[in-house]
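Chemist: Below you'll find final.txt; it's compact mmCIF, C-alpha atoms and all ligand atoms.
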# COMPACT_ATOMS: atom_id res chain seq x y z
CA MET A 240 -1.34 -65.91 -54.35
CA THR A 241 1.00 -63.27 -52.98
CA ASN A 242 3.60 -64.73 -50.68
CA ILE A 243 2.61 -63.80 -47.14
CA ASN A 244 6.18 -63.29 -46.04
CA THR A 245 7.01 -61.02 -48.98
CA LEU A 246 3.88 -58.97 -48.26
CA LYS A 247 4.85 -58.74 -44.61
CA THR A 248 8.35 -57.52 -45.38
CA GLU A 249 7.01 -55.01 -47.89
CA LEU A 250 4.44 -53.61 -45.46
CA THR A 251 6.93 -53.50 -42.58
CA THR A 252 9.37 -51.49 -44.72
CA GLN A 253 6.61 -49.10 -45.73
CA ILE A 254 5.44 -48.65 -42.14
CA GLU A 255 8.93 -47.95 -40.85
CA ALA A 256 9.50 -45.44 -43.67
CA ALA A 257 6.25 -43.54 -43.00
CA ASN A 258 7.24 -40.15 -41.67
CA ASP A 259 3.89 -38.63 -40.91
CA LEU A 260 0.52 -39.78 -39.64
CA GLN A 261 -1.21 -39.24 -42.98
CA ALA A 262 1.30 -41.50 -44.78
CA LEU A 263 0.81 -44.12 -42.09
CA ASP A 264 -2.94 -44.02 -42.48
CA ASP A 265 -2.61 -44.47 -46.23
CA ILE A 266 -0.56 -47.63 -45.59
CA ARG A 267 -3.18 -48.90 -43.14
CA ILE A 268 -5.93 -48.46 -45.74
CA SER A 269 -3.85 -50.06 -48.48
CA ALA A 270 -3.26 -53.12 -46.25
CA LEU A 271 -6.24 -53.53 -43.98
CA GLY A 272 -8.94 -51.35 -45.60
CA LYS A 273 -11.94 -52.81 -47.48
CA LYS A 274 -9.90 -53.06 -50.65
CA GLY A 275 -6.59 -53.59 -48.86
CA ARG A 276 -4.07 -56.23 -49.76
CA VAL A 277 -4.41 -58.24 -46.55
CA THR A 278 -8.20 -58.01 -46.77
CA ALA A 279 -8.05 -59.28 -50.36
CA LEU A 280 -6.07 -62.30 -49.20
CA MET A 281 -8.59 -62.96 -46.43
CA LYS A 282 -11.32 -63.01 -49.05
CA THR A 283 -9.57 -65.86 -50.92
CA LEU A 284 -10.00 -68.15 -47.89
CA GLY A 285 -13.60 -68.87 -48.90
CA SER A 286 -12.56 -70.72 -52.05
CA MET A 287 -10.02 -72.99 -50.30
CA THR A 288 -10.30 -76.51 -49.04
CA PRO A 289 -10.91 -76.80 -45.28
CA GLU A 290 -7.31 -77.86 -44.55
CA GLU A 291 -5.82 -75.09 -46.67
CA ARG A 292 -8.18 -72.61 -45.08
CA LYS A 293 -7.08 -73.68 -41.63
CA THR A 294 -3.38 -73.15 -42.21
CA LYS A 295 -3.67 -70.08 -44.47
CA GLY A 296 -6.31 -68.63 -42.18
CA GLN A 297 -3.97 -68.86 -39.23
CA GLU A 298 -1.06 -67.41 -41.20
CA LEU A 299 -3.21 -64.51 -42.42
CA ASN A 300 -4.48 -63.77 -38.92
CA VAL A 301 -0.91 -63.63 -37.63
CA LEU A 302 -0.01 -61.28 -40.51
CA LYS A 303 -3.03 -59.05 -39.84
CA ASN A 304 -2.24 -58.84 -36.11
CA GLU A 305 1.38 -58.14 -36.71
CA ILE A 306 0.70 -55.36 -39.22
CA THR A 307 -1.91 -53.87 -36.89
CA ASN A 308 0.62 -53.84 -34.06
CA GLN A 309 3.33 -52.32 -36.24
CA LEU A 310 0.93 -49.60 -37.35
CA LYS A 311 0.04 -48.81 -33.72
CA LYS A 312 3.69 -48.71 -32.70
CA GLN A 313 4.65 -46.41 -35.55
CA GLU A 314 1.65 -44.20 -34.84
CA LYS A 315 2.87 -43.73 -31.28
CA VAL A 316 6.35 -42.82 -32.49
CA LEU A 317 5.03 -40.30 -35.03
CA LYS A 318 2.65 -38.70 -32.49
CA LYS A 319 5.53 -38.19 -30.08
CA VAL A 320 7.67 -36.62 -32.79
CA GLU A 321 4.81 -34.35 -33.75
CA MET A 322 4.25 -33.27 -30.11
CA GLU A 323 7.95 -32.55 -29.64
CA GLU A 324 7.96 -30.46 -32.77
CA ARG A 325 4.96 -28.45 -31.50
CA LEU A 326 6.50 -27.95 -28.08
CA ALA A 327 9.67 -26.65 -29.67
CA THR A 328 7.99 -24.25 -32.05
CA GLU A 329 4.75 -23.14 -30.34
CA GLN A 330 6.08 -21.15 -27.37
CA LEU A 331 3.51 -19.06 -25.53
CA ASP A 332 5.00 -16.43 -23.16
CA ILE A 333 2.54 -16.06 -20.32
CA THR A 334 4.76 -13.90 -18.09
CA LEU A 335 3.96 -10.18 -17.70
CA SER A 336 6.70 -7.63 -18.02
CA ILE A 337 7.59 -6.04 -14.65
CA ARG A 338 5.49 -3.14 -13.52
CA PRO A 339 6.97 0.33 -13.57
CA GLU A 340 6.01 1.03 -9.89
CA ARG A 341 9.28 -0.49 -8.77
CA LYS A 342 10.94 2.60 -10.16
CA GLY A 343 9.04 5.03 -7.95
CA HIS A 344 9.42 5.79 -4.28
CA ILE A 345 7.01 6.82 -1.54
CA HIS A 346 7.72 10.32 -0.24
CA PRO A 347 8.91 10.35 3.39
CA ILE A 348 5.88 12.46 4.42
CA SER A 349 3.51 9.86 2.96
CA GLN A 350 5.53 7.17 4.71
CA THR A 351 5.17 8.99 8.04
CA MET A 352 1.40 9.34 7.53
CA ASP A 353 1.10 5.61 6.81
CA GLU A 354 3.12 4.81 9.91
CA LEU A 355 0.90 7.06 12.02
CA VAL A 356 -2.26 5.43 10.64
CA THR A 357 -0.76 2.06 11.59
CA ILE A 358 0.12 3.13 15.12
CA PHE A 359 -3.15 4.97 15.84
CA GLY A 360 -5.19 2.39 13.95
CA ALA A 361 -3.91 -0.21 16.40
CA MET A 362 -5.13 2.05 19.24
CA GLY A 363 -8.61 2.21 17.69
CA PHE A 364 -8.49 5.68 16.09
CA THR A 365 -10.27 6.52 12.84
CA VAL A 366 -8.99 8.95 10.19
CA ALA A 367 -10.90 12.16 9.31
CA GLU A 368 -10.35 14.77 6.61
CA GLY A 369 -11.07 18.46 6.21
CA PRO A 370 -10.59 21.18 3.57
CA ASP A 371 -7.38 23.20 3.06
CA ILE A 372 -9.45 26.33 2.38
CA GLU A 373 -11.18 27.18 5.61
CA ASP A 374 -13.34 29.86 7.15
CA ASP A 375 -12.61 31.95 10.19
CA TRP A 376 -15.03 29.95 12.34
CA HIS A 377 -13.37 26.55 11.90
CA ASN A 378 -9.78 27.81 11.91
CA PHE A 379 -10.10 30.32 14.75
CA THR A 380 -13.36 31.32 16.42
CA ALA A 381 -14.70 27.84 17.21
CA LEU A 382 -11.25 26.97 18.55
CA ASN A 383 -11.67 29.69 21.16
CA PHE A 384 -9.66 32.34 19.35
CA PRO A 385 -12.25 35.13 19.61
CA PRO A 386 -12.08 37.84 16.93
CA GLY A 387 -9.28 40.24 17.78
CA HIS A 388 -7.64 37.78 20.18
CA PRO A 389 -3.85 38.25 20.13
CA ALA A 390 -3.29 34.47 19.83
CA ARG A 391 -4.43 34.77 16.20
CA GLU A 392 -1.20 36.66 15.57
CA MET A 393 0.81 33.53 16.46
CA GLN A 394 -0.21 32.12 13.10
CA ASP A 395 0.63 34.29 10.09
CA THR A 396 -2.42 33.61 7.99
CA PHE A 397 -2.90 33.64 4.22
CA PHE A 398 -6.30 35.20 3.56
CA LEU A 399 -8.17 34.78 0.30
CA ASN A 400 -10.18 37.54 -1.32
CA ASN A 401 -13.49 35.73 -1.66
CA PRO A 402 -15.82 36.00 1.32
CA ALA A 403 -16.69 32.94 3.36
CA LYS A 404 -20.22 31.88 4.23
CA VAL A 405 -20.61 33.32 7.71
CA GLU A 406 -21.79 30.71 10.20
CA PRO A 407 -24.60 31.90 12.51
CA GLU A 408 -22.34 31.22 15.51
CA GLN A 409 -19.56 33.30 14.01
CA LYS A 410 -21.07 36.62 15.04
CA SER A 411 -18.08 38.72 14.11
CA GLY A 412 -14.62 37.64 12.94
CA ASP A 413 -13.01 37.76 9.53
CA THR A 414 -15.39 37.07 6.69
CA ARG A 415 -12.66 36.14 4.23
CA LYS A 416 -11.74 32.56 3.45
CA LEU A 417 -8.23 31.53 4.45
CA LEU A 418 -5.73 28.71 4.07
CA ARG A 419 -5.95 26.71 7.27
CA THR A 420 -3.04 27.49 9.59
CA HIS A 421 -3.38 24.20 11.42
CA THR A 422 -5.28 20.92 11.24
CA SER A 423 -7.11 21.79 14.48
CA SER A 424 -9.93 23.01 12.21
CA VAL A 425 -10.67 19.36 11.41
CA GLN A 426 -11.36 18.74 15.11
CA ILE A 427 -14.18 21.26 14.85
CA ARG A 428 -15.62 19.83 11.63
CA HIS A 429 -15.43 16.31 12.99
CA MET A 430 -17.16 17.20 16.27
CA GLU A 431 -19.84 19.26 14.50
CA ASN A 432 -20.72 16.39 12.20
CA ASN A 433 -20.46 13.37 14.49
CA GLU A 434 -21.75 12.19 17.84
CA PRO A 435 -19.24 11.61 20.69
CA PRO A 436 -17.24 9.61 21.64
CA PHE A 437 -14.55 10.68 19.13
CA LYS A 438 -11.24 8.93 18.66
CA THR A 439 -9.87 10.35 15.48
CA ILE A 440 -6.70 11.52 13.79
CA CYS A 441 -6.32 13.61 10.66
CA PHE A 442 -3.49 14.72 8.39
CA GLY A 443 -3.18 17.53 5.99
CA ARG A 444 -1.44 20.48 4.47
CA THR A 445 -1.31 23.64 6.52
CA TYR A 446 -0.18 27.11 5.49
CA ARG A 447 1.52 30.06 7.15
CA SER A 448 3.26 33.07 5.72
CA ASP A 449 6.76 31.97 6.79
CA TRP A 450 9.86 31.18 4.74
CA ASP A 451 13.29 30.49 6.20
CA MET A 452 15.65 27.60 7.03
CA THR A 453 13.11 25.92 9.30
CA HIS A 454 9.77 27.19 7.93
CA THR A 455 8.04 26.71 4.59
CA PRO A 456 4.74 28.41 3.68
CA MET A 457 3.15 25.00 3.22
CA PHE A 458 3.82 22.14 5.59
CA HIS A 459 1.96 19.14 7.02
CA GLN A 460 0.38 18.51 10.36
CA MET A 461 -1.27 15.69 12.14
CA GLU A 462 -4.11 16.27 14.57
CA CYS A 463 -5.58 13.96 17.17
CA ILE A 464 -8.81 14.29 19.10
CA CYS A 465 -10.15 11.91 21.71
CA VAL A 466 -13.42 12.77 23.49
CA ASP A 467 -15.38 10.47 25.78
CA LYS A 468 -16.83 10.37 29.27
CA ASP A 469 -14.13 10.43 31.98
CA ILE A 470 -11.12 11.22 29.79
CA THR A 471 -8.30 12.69 31.85
CA MET A 472 -4.82 14.13 31.41
CA ALA A 473 -3.52 10.64 32.26
CA HIS A 474 -5.02 9.33 29.01
CA LEU A 475 -3.31 12.13 27.11
CA LYS A 476 0.05 11.36 28.69
CA GLY A 477 -0.27 7.60 28.20
CA CYS A 478 -1.42 7.86 24.60
CA LEU A 479 1.25 10.39 23.62
CA THR A 480 4.06 8.55 25.34
CA ASP A 481 3.11 5.24 23.67
CA PHE A 482 2.77 6.98 20.34
CA VAL A 483 6.13 8.80 20.27
CA ARG A 484 7.97 5.71 21.49
CA ALA A 485 6.31 3.56 18.81
CA PHE A 486 6.91 6.16 16.12
CA PHE A 487 10.61 6.66 16.88
CA LYS A 488 11.00 2.96 17.76
CA ILE A 489 12.75 3.77 21.04
CA ASP A 490 11.12 1.98 23.98
CA ASP A 491 12.57 4.21 26.69
CA LEU A 492 12.46 7.52 24.79
CA PRO A 493 12.11 10.23 27.47
CA VAL A 494 8.92 12.30 27.07
CA ARG A 495 8.35 15.58 28.91
CA PHE A 496 5.15 17.62 29.23
CA ARG A 497 5.70 21.34 29.65
CA PRO A 498 2.83 23.79 30.43
CA SER A 499 2.02 25.97 27.44
CA PHE A 500 -0.80 28.04 26.00
CA PHE A 501 -3.14 27.22 23.13
CA PRO A 502 -6.60 28.86 23.24
CA PHE A 503 -8.40 25.59 22.47
CA VAL A 504 -7.04 23.53 25.37
CA GLU A 505 -6.98 23.90 29.12
CA PRO A 506 -4.54 22.91 30.50
CA GLY A 507 -2.24 23.06 27.48
CA ALA A 508 1.19 21.52 27.11
CA GLU A 509 4.10 21.28 24.79
CA VAL A 510 5.59 17.84 24.52
CA ASP A 511 9.36 17.39 24.34
CA ILE A 512 11.38 14.28 23.58
CA GLY A 513 14.84 13.61 24.97
CA TYR A 514 18.07 13.57 22.97
CA PHE A 515 21.78 13.89 23.59
CA LYS A 516 24.82 14.96 21.61
CA LYS A 517 26.71 12.17 19.92
CA GLY A 518 29.86 12.99 17.97
CA GLU A 519 29.02 15.71 15.49
CA GLY A 520 25.30 14.96 15.57
CA ILE A 521 22.51 14.15 17.98
CA LYS A 522 20.78 10.96 19.03
CA LEU A 523 17.20 10.62 20.29
CA GLY A 524 16.91 8.80 23.60
CA LEU A 525 17.89 8.68 27.20
CA ALA A 526 21.33 10.13 27.96
CA ASP A 527 23.62 8.02 30.17
CA ASN A 528 24.44 11.07 32.22
CA PRO A 529 21.37 13.18 33.23
CA ASN A 530 23.45 16.34 32.73
CA ASP A 531 23.73 15.46 29.00
CA GLN A 532 19.98 15.06 28.56
CA LYS A 533 18.59 17.63 26.15
CA TRP A 534 14.99 18.21 25.07
CA MET A 535 13.31 19.20 21.85
CA GLU A 536 9.71 20.17 21.35
CA ILE A 537 7.76 18.03 18.92
CA LEU A 538 4.09 18.75 19.46
CA GLY A 539 1.36 20.75 21.21
CA ALA A 540 -1.34 19.09 23.28
CA GLY A 541 -3.92 19.60 25.98
CA MET A 542 -7.37 18.90 27.37
CA VAL A 543 -10.03 20.20 24.96
CA HIS A 544 -11.33 23.56 26.24
CA CYS A 545 -14.97 23.46 27.38
CA ASN A 546 -15.73 26.42 25.07
CA VAL A 547 -14.57 24.34 22.10
CA LEU A 548 -16.79 21.42 23.08
CA THR A 549 -19.73 23.79 23.54
CA ASN A 550 -19.06 25.46 20.17
CA CYS A 551 -19.34 22.04 18.53
CA GLY A 552 -22.52 21.05 20.37
CA VAL A 553 -20.81 18.66 22.79
CA ASN A 554 -21.87 18.95 26.45
CA PRO A 555 -18.71 19.54 28.55
CA GLU A 556 -20.60 18.45 31.69
CA ILE A 557 -20.70 14.93 30.23
CA TYR A 558 -17.73 14.77 27.89
CA GLN A 559 -14.07 15.63 28.21
CA GLY A 560 -11.22 15.00 25.86
CA PHE A 561 -7.66 15.53 24.85
CA ALA A 562 -6.14 16.74 21.61
CA PHE A 563 -2.76 17.26 20.10
CA GLY A 564 -1.18 18.53 16.91
CA MET A 565 2.20 17.71 15.40
CA GLY A 566 4.24 18.94 12.44
CA LEU A 567 5.02 16.02 10.14
CA GLU A 568 8.14 17.38 8.45
CA ARG A 569 10.04 17.81 11.69
CA ALA A 570 9.09 14.39 13.01
CA THR A 571 10.09 12.82 9.69
CA MET A 572 13.42 14.70 9.61
CA LEU A 573 14.22 13.50 13.12
CA LYS A 574 13.27 9.92 12.43
CA TYR A 575 15.03 9.55 9.09
CA GLY A 576 17.98 11.90 9.52
CA ILE A 577 16.93 14.42 6.86
CA SER A 578 18.70 17.67 7.55
CA ASP A 579 17.08 20.34 5.37
CA LEU A 580 13.34 20.98 5.49
CA ARG A 581 13.27 22.68 2.10
CA THR A 582 14.41 19.53 0.28
CA PHE A 583 10.98 17.99 1.03
CA PHE A 584 9.42 20.25 -1.57
CA ASP A 585 12.16 20.43 -4.22
CA SER A 586 10.71 17.52 -6.22
CA ASP A 587 14.24 16.24 -6.83
CA THR A 588 13.96 12.57 -7.79
CA ARG A 589 17.54 11.88 -6.68
CA TRP A 590 16.51 13.01 -3.18
CA LEU A 591 13.42 10.80 -3.39
CA ASP A 592 15.46 7.81 -4.57
CA HIS A 593 17.65 8.27 -1.53
CA TYR A 594 15.09 9.10 1.19
CA GLY A 595 11.95 7.55 -0.34
CA PHE A 596 10.42 4.20 0.53
CA ASP A 597 9.66 1.03 -1.41
CA PRO A 598 6.03 1.10 -2.58
CA PHE A 599 5.76 -2.65 -2.01
CA ASP A 600 6.91 -2.43 1.58
CA ARG A 601 4.17 -0.42 3.27
CA PRO A 602 3.79 -0.02 7.03
CA ASN A 603 1.30 -2.47 8.52
CA SER A 604 0.20 -3.59 11.95
CA ALA A 605 2.16 -6.85 11.65
CA THR A 606 5.53 -5.17 11.18
CA GLY A 607 4.58 -2.19 13.40
CA GLN A 608 5.62 0.12 10.58
N1 LIG B 701 -2.71 23.72 16.35
C1 LIG B 701 -1.48 23.90 17.10
C2 LIG B 701 -0.41 24.53 16.19
O1 LIG B 701 -0.53 24.45 15.02
C3 LIG B 701 -0.95 22.59 17.61
C4 LIG B 701 -1.84 22.01 18.65
C5 LIG B 701 -1.62 22.32 19.98
C6 LIG B 701 -2.88 21.16 18.33
C7 LIG B 701 -2.42 21.80 20.98
C8 LIG B 701 -3.69 20.63 19.32
C9 LIG B 701 -3.44 20.96 20.65
O2 LIG B 701 -4.71 19.81 19.05
O3 LIG B 701 -4.24 20.43 21.61
O4 LIG B 701 0.52 25.07 16.69
The structure given in the file should be rewritten as structure tokens.
Ligand code: DAH

Modeler:
Amino acid sequence: MTNINTLKTELTTQIEAANDLQALDDIRISALGKKGRVTALMKTLGSMTPEERKTKGQELNVLKNEITNQLKKQEKVLKKVEMEERLATEQLDITLSIRPERKGHIHPISQTMDELVTIFGAMGFTVAEGPDIEDDWHNFTALNFPPGHPAREMQDTFFLNNPAKVEPEQKSGDTRKLLRTHTSSVQIRHMENNEPPFKTICFGRTYRSDWDMTHTPMFHQMECICVDKDITMAHLKGCLTDFVRAFFKIDDLPVRFRPSFFPFVEPGAEVDIGYFKKGEGIKLGLADNPNDQKWMEILGAGMVHCNVLTNCGVNPEIYQGFAFGMGLERATMLKYGISDLRTFFDSDTRWLDHYGFDPFDRPNSATGQ
């Protein structure tokens, strides 16, 4: 009979030398399988005397247990090695490459619009839209510029050749379509299509036949309309003052209302903000010395004319409102220190890289803007 100790040493050497799980399994079968060497020895116990069987039986059980344990131990070692090998070779890259948006910038005009939505959104205003190509009714007549009224001449209009659909209310007036000269046309569309109260702002491109240092044929405006029962000039002044101070981020920015004429408001006003000279440039705000206080106009405003309300089917006996309109380029230039209006439309990416805004850092009501 094979010497148990020799068999043990032989198997132990084999187990320690096994360098993969398949080899180890082969050893297990050759030792402990049905036809294995240890199993074969176990089978010889039956033909032994009871005393022999007792001692050999014990010895064989010890051998079997020991080999089983060694196999388990080596299996653990080999599994770990195998896992380490897989970890080292099977690398899965689950990160995404960075998105290209980081390269782009938000145009200062878009930034200003987003800031205005944030400020007016916090005051409960909604945002409306209207078309760039308008008809005479929405751009002029409904806004109380009757046909032939000299105030139409204040706005050098681009007319298109195709005729507009003439509204029944239009009576006379120009039948050509035109590029809207102001966003006040959206006031009309909004009031025609909705029921008061209205608390709405709108943005958009506007067009006038002008081209010099401070005028471009296309520019942007913002319009605001607020109509409800019992709206007074005090609401207009409060809303505008809060708005310009929030927009320019100057809590004590001086705001001045100067009487002015626009056909669609009565009374009408131009709104100025205070600035003073500082070094070579200017600074918005309250001057230390009242004699140094200077004013610049930034927007037109007023109480909506009763003819305008009537033209839009709103009863002026019940409803009143205020409105204002502001040029976005000028406000943006003042806020961000951009000196030349024409650069807004040059499409120069170096300019945009300098004056543009991070697309991931948008104005919101938590940051104010
Ligand atoms: N539409 C005027 C313009 O373009 C600006 C304006 C003035 C708008 C007074 C208004 C307003 O809503 O009430 O010059």

Chemist: Hey, which residues come within 7 Å of ligand LIG 701 (chain B) if we count only C-alpha atoms and all ligand atoms? Could you give them as a VMD selection string?

Modeler: chain A and resid 420 to 423 462 to 464 501 503 to 504 507 538 to 543 561 to 565

Chemist: Compute the distance from (-7.0, -53.1, -37.6) to each atom, counting all atoms listed in the file, keep the residues with any atom at most 12 Å away, and return them as a PDB file with C-alpha atoms, in the frame of the given file; use the coordinates of the file.

Modeler:
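This went into selection33.pdb:
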ATOM      1  CA  ASP A 264      -2.940 -44.020 -42.480  1.00  0.00           C
ATOM      2  CA  ILE A 266      -0.560 -47.630 -45.590  1.00  0.00           C
ATOM      3  CA  ARG A 267      -3.180 -48.900 -43.140  1.00  0.00           C
ATOM      4  CA  ILE A 268      -5.930 -48.460 -45.740  1.00  0.00           C
ATOM      5  CA  SER A 269      -3.850 -50.060 -48.480  1.00  0.00           C
ATOM      6  CA  ALA A 270      -3.260 -53.120 -46.250  1.00  0.00           C
ATOM      7  CA  LEU A 271      -6.240 -53.530 -43.980  1.00  0.00           C
ATOM      8  CA  GLY A 272      -8.940 -51.350 -45.600  1.00  0.00           C
ATOM      9  CA  LYS A 273     -11.940 -52.810 -47.480  1.00  0.00           C
ATOM     10  CA  GLY A 275      -6.590 -53.590 -48.860  1.00  0.00           C
ATOM     11  CA  VAL A 277      -4.410 -58.240 -46.550  1.00  0.00           C
ATOM     12  CA  THR A 278      -8.200 -58.010 -46.770  1.00  0.00           C
ATOM     13  CA  ASN A 300      -4.480 -63.770 -38.920  1.00  0.00           C
ATOM     14  CA  LEU A 302      -0.010 -61.280 -40.510  1.00  0.00           C
ATOM     15  CA  LYS A 303      -3.030 -59.050 -39.840  1.00  0.00           C
ATOM     16  CA  ASN A 304      -2.240 -58.840 -36.110  1.00  0.00           C
ATOM     17  CA  GLU A 305       1.380 -58.140 -36.710  1.00  0.00           C
ATOM     18  CA  ILE A 306       0.700 -55.360 -39.220  1.00  0.00           C
ATOM     19  CA  THR A 307      -1.910 -53.870 -36.890  1.00  0.00           C
ATOM     20  CA  ASN A 308       0.620 -53.840 -34.060  1.00  0.00           C
ATOM     21  CA  GLN A 309       3.330 -52.320 -36.240  1.00  0.00           C
ATOM     22  CA  LEU A 310       0.930 -49.600 -37.350  1.00  0.00           C
ATOM     23  CA  LYS A 311       0.040 -48.810 -33.720  1.00  0.00           C
TER      24      LYS A 311
END

Chemist: Quick one: residues within 10 Å of A:Asn433, all atoms listed in the file, excluding same-chain residues fewer than 5 positions away - as a PyMOL selection string?

Modeler: chain A and resi 428+551-553

Chemist: Using only C-alpha atoms, pick whichever of A:Glu329, A:Asp585, A:Ser424, A:Ser578 has the shortest atom-to-atom distance to A:Leu382.

Modeler: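 The answer is A:Ser424, which sits nearest to A:Leu382.
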
Chemist: What is the atom CA of A:Pro435-atom CA of A:Asp374 distance in Å, reported with one decimal?

Modeler: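 Interatomic distance, atom CA of A:Pro435 to atom CA of A:Asp374: 23.5 Å.
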